[in-house]
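Source file: data_2.txt (compact mmCIF, C-alpha atoms)
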# COMPACT_ATOMS: atom_id res chain seq x y z
CA MET T 25 0.00 0.00 0.00
CA ASP T 26 1.32 3.46 -0.95
CA ASP T 27 1.83 5.48 2.23
CA GLU T 28 2.34 8.73 0.30
CA PRO T 29 -0.41 8.67 -2.34
CA GLY T 30 -0.70 12.40 -3.01
CA ILE T 31 2.67 13.89 -2.13
CA PRO T 32 4.27 13.88 -5.62
CA ARG T 33 1.10 15.29 -7.20
CA ILE T 34 0.72 18.05 -4.60
CA ALA T 35 4.45 18.84 -4.66
CA ASN T 36 4.22 19.30 -8.43
CA LEU T 37 1.40 21.82 -7.99
CA PHE T 38 3.49 23.84 -5.54
CA ALA T 39 6.66 23.57 -7.63
CA ASP T 40 5.81 26.14 -10.32
CA PRO T 41 6.82 29.70 -9.27
CA ALA T 42 3.66 31.27 -10.70
CA ARG T 43 1.38 28.79 -8.93
CA ALA T 44 3.33 29.23 -5.70
CA LYS T 45 2.87 33.00 -5.95
CA ILE T 46 -0.87 32.59 -6.50
CA LEU T 47 -1.16 30.33 -3.48
CA ARG T 48 0.83 32.69 -1.26
CA THR T 49 -1.35 35.60 -2.39
CA LEU T 50 -4.50 33.78 -1.32
CA ILE T 51 -3.21 32.74 2.11
CA ASP T 52 -4.98 35.75 3.60
CA GLY T 53 -8.27 33.91 3.11
CA THR T 54 -9.66 36.31 0.52
CA MET T 55 -11.36 35.48 -2.78
CA ARG T 56 -9.76 37.17 -5.79
CA PRO T 57 -10.48 37.36 -9.54
CA ALA T 58 -8.33 35.62 -12.11
CA GLY T 59 -7.10 38.91 -13.56
CA GLU T 60 -5.76 40.12 -10.22
CA LEU T 61 -3.99 36.82 -9.60
CA ALA T 62 -2.43 36.98 -13.08
CA TYR T 63 -1.11 40.47 -12.32
CA THR T 64 0.20 39.38 -8.91
CA ALA T 65 2.04 36.40 -10.41
CA ASN T 66 3.32 38.55 -13.32
CA ILE T 67 1.95 36.20 -15.97
CA SER T 68 -0.48 36.55 -18.86
CA ALA T 69 -4.21 35.97 -18.42
CA GLN T 70 -3.98 32.87 -20.61
CA SER T 71 -1.14 31.43 -18.55
CA ALA T 72 -2.96 32.26 -15.31
CA SER T 73 -6.07 30.48 -16.55
CA ALA T 74 -4.06 27.31 -17.14
CA HIS T 75 -2.36 27.48 -13.74
CA LEU T 76 -5.63 28.20 -11.93
CA ALA T 77 -7.32 25.26 -13.63
CA LYS T 78 -4.54 22.95 -12.41
CA LEU T 79 -4.83 24.27 -8.86
CA VAL T 80 -8.60 23.81 -8.87
CA ASP T 81 -8.39 20.33 -10.38
CA GLY T 82 -5.69 19.47 -7.85
CA GLY T 83 -7.92 20.44 -4.94
CA LEU T 84 -5.82 23.38 -3.72
CA LEU T 85 -8.17 26.14 -4.90
CA ALA T 86 -11.93 26.59 -5.05
CA GLN T 87 -13.60 28.84 -7.60
CA GLU T 88 -16.87 30.72 -7.90
CA ALA T 89 -18.40 32.42 -10.92
CA GLN T 90 -19.90 35.87 -10.50
CA GLY T 91 -21.27 37.07 -13.80
CA ARG T 92 -18.49 36.96 -16.37
CA HIS T 93 -15.76 36.79 -13.77
CA ARG T 94 -14.24 33.86 -11.91
CA TYR T 95 -13.05 34.26 -8.32
CA PHE T 96 -10.61 31.97 -6.54
CA ARG T 97 -9.75 31.17 -2.91
CA LEU T 98 -7.83 28.49 -1.04
CA ALA T 99 -9.86 25.28 -0.88
CA ASN T 100 -9.52 24.87 2.88
CA ALA T 101 -7.43 25.57 5.97
CA GLN T 102 -5.20 22.54 5.33
CA VAL T 103 -3.93 24.18 2.13
CA ALA T 104 -3.09 27.35 4.08
CA ASP T 105 -1.28 25.26 6.71
CA ALA T 106 0.76 23.59 3.97
CA ILE T 107 1.75 26.94 2.43
CA GLU T 108 2.85 28.33 5.79
CA SER T 109 4.71 25.11 6.67
CA LEU T 110 6.57 25.10 3.36
CA GLY T 111 7.53 28.72 3.94
CA SER T 112 8.91 27.85 7.36
CA LEU T 113 10.74 24.83 5.96
CA SER T 114 12.34 26.91 3.21
CA VAL T 115 13.80 29.22 5.86
CA ALA T 116 15.00 26.32 8.02
CA ILE T 117 16.80 24.45 5.22
CA ARG T 118 18.14 27.35 3.19
CA PRO T 119 21.09 26.01 1.13
CA ARG T 120 24.55 26.83 2.39
CA GLY T 121 26.39 29.52 0.53
CA PRO T 122 27.20 33.22 0.70
CA ARG T 123 25.26 34.91 3.45
CA SER T 124 22.18 36.73 2.28
CA PRO T 125 19.86 39.04 4.21
CA LEU T 126 17.49 37.22 6.53
CA PRO T 127 13.83 37.30 5.52
CA SER T 128 13.07 39.46 8.56
CA LYS T 129 15.37 42.14 7.15
CA LEU T 130 13.27 42.27 3.99
CA MET T 131 9.82 42.31 5.60
CA PRO T 132 7.92 45.30 6.98
CA ILE T 133 7.90 45.43 10.76
CA GLN T 134 4.09 45.36 10.72
CA PHE T 135 4.15 42.01 8.88
CA LEU T 136 6.53 40.57 11.45
CA ASN T 137 4.47 41.85 14.37
CA ALA T 138 0.93 40.77 13.47
CA ARG T 139 -0.67 39.31 10.37
CA THR T 140 -3.20 36.69 9.41
CA CYS T 141 -2.49 33.22 8.07
CA TYR T 142 -5.73 32.24 6.35
CA ASP T 143 -8.20 32.43 9.27
CA HIS T 144 -5.92 32.66 12.30
CA LEU T 145 -3.39 35.11 13.68
CA ALA T 146 0.35 34.86 13.01
CA GLY T 147 3.46 36.90 13.74
CA GLU T 148 5.13 37.99 16.97
CA MET T 149 1.84 38.88 18.65
CA ALA T 150 0.34 35.45 17.93
CA VAL T 151 3.49 33.73 19.20
CA GLN T 152 3.41 35.75 22.43
CA VAL T 153 -0.29 34.94 22.95
CA CYS T 154 0.52 31.26 22.50
CA GLU T 155 3.43 31.38 24.92
CA ALA T 156 1.32 33.25 27.48
CA MET T 157 -1.46 30.65 27.24
CA LEU T 158 1.05 27.84 27.70
CA LYS T 159 2.72 29.60 30.65
CA ALA T 160 -0.64 30.24 32.31
CA ARG T 161 -1.57 26.60 31.64
CA TRP T 162 -4.59 27.38 29.52
CA LEU T 163 -2.98 25.13 26.91
CA ALA T 164 -0.73 22.09 26.99
CA GLN T 165 1.27 21.05 23.94
CA GLU T 166 0.88 17.49 22.74
CA GLY T 167 3.06 16.86 19.71
CA ARG T 168 1.90 18.98 16.79
CA ASP T 169 -1.25 20.09 18.59
CA PHE T 170 -2.46 21.85 21.71
CA ARG T 171 -4.91 20.60 24.33
CA VAL T 172 -7.09 23.05 26.23
CA THR T 173 -6.79 22.42 29.97
CA GLN T 174 -9.65 22.64 32.47
CA LEU T 175 -8.42 26.10 33.43
CA GLY T 176 -8.22 27.03 29.78
CA GLU T 177 -11.79 25.86 29.22
CA LYS T 178 -12.98 28.27 31.93
CA LYS T 179 -10.84 31.18 30.79
CA LEU T 180 -11.75 30.85 27.11
CA ALA T 181 -15.43 30.39 27.92
CA ALA T 182 -15.27 33.64 29.91
CA LEU T 183 -14.00 35.31 26.72
CA ASP T 184 -17.01 33.88 24.82
CA VAL T 185 -14.86 31.52 22.73
CA ASP T 186 -17.18 28.73 21.57
CA LEU T 187 -14.97 25.69 22.11
CA ASP T 188 -17.77 23.23 21.34
CA ALA T 189 -18.28 24.77 17.91
CA ALA T 190 -14.53 24.69 17.29
CA ARG T 191 -14.40 21.01 18.21
CA ARG T 192 -17.29 20.21 15.88
CA SER T 193 -15.32 21.62 12.98
CA ARG T 194 -14.00 19.08 10.48
CA ARG T 195 -10.51 20.50 10.81
CA VAL T 196 -7.79 20.12 13.43
CA PHE T 197 -8.94 21.68 16.70
CA ALA T 198 -5.75 23.43 17.89
CA ARG T 199 -2.63 23.08 15.76
CA ALA T 200 0.80 24.25 16.93
CA CYS T 201 1.81 26.11 13.76
CA VAL T 202 5.48 27.04 13.53
CA ASP T 203 5.41 30.74 12.66
CA LEU T 204 7.01 31.62 9.33
CA THR T 205 9.01 34.56 10.68
CA GLN T 206 9.30 33.82 14.40
CA ARG T 207 10.19 30.12 14.15
CA ARG T 208 8.08 29.47 17.26
CA PRO T 209 4.52 28.12 17.41
CA HIS T 210 1.31 30.09 17.33
CA VAL T 211 -2.22 28.69 17.67
CA GLY T 212 -3.79 27.52 14.43
CA GLY T 213 -6.68 25.24 13.55
CA ALA T 214 -10.28 25.83 14.59
CA LEU T 215 -9.23 27.35 17.93
CA GLY T 216 -6.91 29.79 16.19
CA ALA T 217 -9.79 30.86 13.92
CA ALA T 218 -12.10 31.32 16.92
CA LEU T 219 -9.49 33.48 18.65
CA LEU T 220 -9.07 35.68 15.57
CA ASP T 221 -12.85 36.12 15.40
CA LEU T 222 -12.76 37.19 19.05
CA TYR T 223 -10.01 39.77 18.45
CA VAL T 224 -11.85 41.28 15.48
CA ALA T 225 -15.31 41.24 17.12
CA ARG T 226 -14.01 42.99 20.23
CA GLY T 227 -12.07 45.59 18.27
CA TRP T 228 -8.68 44.43 19.52
CA ILE T 229 -7.31 44.27 15.98
CA LEU T 230 -8.29 45.75 12.64
CA ARG T 231 -7.93 43.81 9.40
CA ALA T 232 -6.81 45.56 6.20
CA ARG T 233 -8.43 44.89 2.85
CA HIS T 234 -6.29 42.67 0.60
CA SER T 235 -3.49 42.48 3.16
CA ARG T 236 -2.41 39.95 5.75
CA VAL T 237 -1.15 42.70 8.06
CA VAL T 238 -3.43 43.59 10.98
CA SER T 239 -3.31 46.62 13.26
CA ILE T 240 -3.50 46.41 17.04
CA THR T 241 -5.86 49.06 18.37
CA PRO T 242 -5.23 51.01 21.60
CA LYS T 243 -8.13 49.02 23.07
CA GLY T 244 -6.45 45.85 21.88
CA ARG T 245 -3.12 46.71 23.45
CA GLU T 246 -4.79 47.08 26.82
CA ALA T 247 -6.91 43.96 26.33
CA PHE T 248 -4.01 41.73 25.28
CA ASN T 249 -2.03 42.97 28.28
CA GLN T 250 -4.85 42.33 30.74
CA THR T 251 -5.93 39.00 29.24
CA PHE T 252 -2.58 37.43 28.40
CA GLY T 253 -0.04 39.55 30.29
CA MET T 254 1.53 40.97 27.12
CA GLY T 255 2.92 44.26 28.38
CA SER T 256 5.12 44.82 25.31
CA TRP T 257 2.04 45.37 23.15

Render the structure in this file as structure tokens.
Amino acid sequence: MDDEPGIPRIANLFADPARAKILRTLIDGTMRPAGELAYTANISAQSASAHLAKLVDGGLLAQEAQGRHRYFRLANAQVADAIESLGSLSVAIRPRGPRSPLPSKLMPIQFLNARTCYDHLAGEMAVQVCEAMLKARWLAQEGRDFRVTQLGEKKLAALDVDLDAARRSRRVFARACVDLTQRRPHVGGALGAALLDLYVARGWILRARHSRVVSITPKGREAFNQTFGMGSW
């Protein structure tokens, strides 16, 4: 029995630079038209159409038709996790050779501090939240995932995080995602999505249109400090 039935096929879909650029563009969870994705990947509309068809057929993208236009998004959270994981892996196994600037030197400070990864929070802020929850014993790490402790159940319920709904999701409940820029875990999966919804609903962070970068509001700075003990924010 083949233990790796889809790896070569999926790896081939990621291997093309234009397709990789399209996938990275959509990791913010948005739905975008074919023309915009062609422009982003710096390819012709005809070439983009062929690449998008392969990504849809391969199960990495979903598409919707609105009038004469076609819009595309990532098929699911697992695709976003794979994109982020490959990005982290590329940093970890960079080939030896002449030293080049670290990715952090080339990225805006706002991107390093706080951004979205599909439907959950990433960046330094997300890593600090994760570390604070582990230190306070709201979470316990178990391999690639997190478990919510009894204390964590009470604390998250007090914040109106619907843990039952998160557990009913078809996806991983609480994944320990290694952050692309911080190289430390943040909370992903259904719990990560529920936490991001909380931050947005309470006005702790503001999302930007067509950007992964999020802004921490003055209210959010105080709330993150009081809730998680994050004085640096």

As a count of residues only, please: the residues near Arg199 in chain T (cut-off 7 Å, only C-alpha atoms, same-chain neighbours under 3 positions excluded). 7

Could you give me, as a ChimeraX atom specification, the residues that have an atom at most 12 Å away from the point (-0.7, 40.6, -6.8) in the coordinates of the file, using only C-alpha atoms? /T:42,45-50,56-67,234-235

From CA of Arg171 in chain T to CA of His144 in chain T the spacing works out at 17.1 Å

Selection: 8 Å around Ala104 in chain T, all atoms listed in the file, excl. self and same-chain fewer than 5 positions, as a list in words: Ile51, Leu98, Cys141 and Tyr142 of chain T

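Coordinates place CA of Gly30 in chain T at a distance of 13.9 Å from CA of Leu79 in chain T.
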
Given the point (-1.2, 21.9, -8.2) in the file's coordinates, find the residues that have an atom at most 7 Å from it, counting only C-alpha atoms, and give them as a PyMOL selection string. chain T and resi 34+36-38+78-79+82+84

Hey, can you check how far CA of Val103 in chain T sits from CA of Ala146 in chain T?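 Between CA of Val103 in chain T and CA of Ala146 in chain T the gap is 15.8 Å.
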
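The shortest atom-to-atom distance to Met157 in chain T, with all atoms listed in the file taken into account, belongs to T:Gly253 out of T:Gly253, T:Pro242, T:Pro32, T:Gly91.
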
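The nearest approach to Trp228 in chain T among the residues T:Ala72, T:Val80, T:Ala164, T:Ile240, with all atoms listed in the file taken into account, belongs to T:Ile240.
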
Between T:Gln250, T:Thr140, T:Val237, T:Arg161, which is the closest to Leu219 in chain T once you count only C-alpha atoms?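 Smallest separation from Leu219 in chain T among the options: T:Thr140.
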
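The protein and nucleic acid residues lying at most 8 Å from range 179-181 of chain T are T:Trp162, T:Asp186, T:Leu187, with all atoms listed in the file considered and sequence neighbours fewer than 5 positions away removed.
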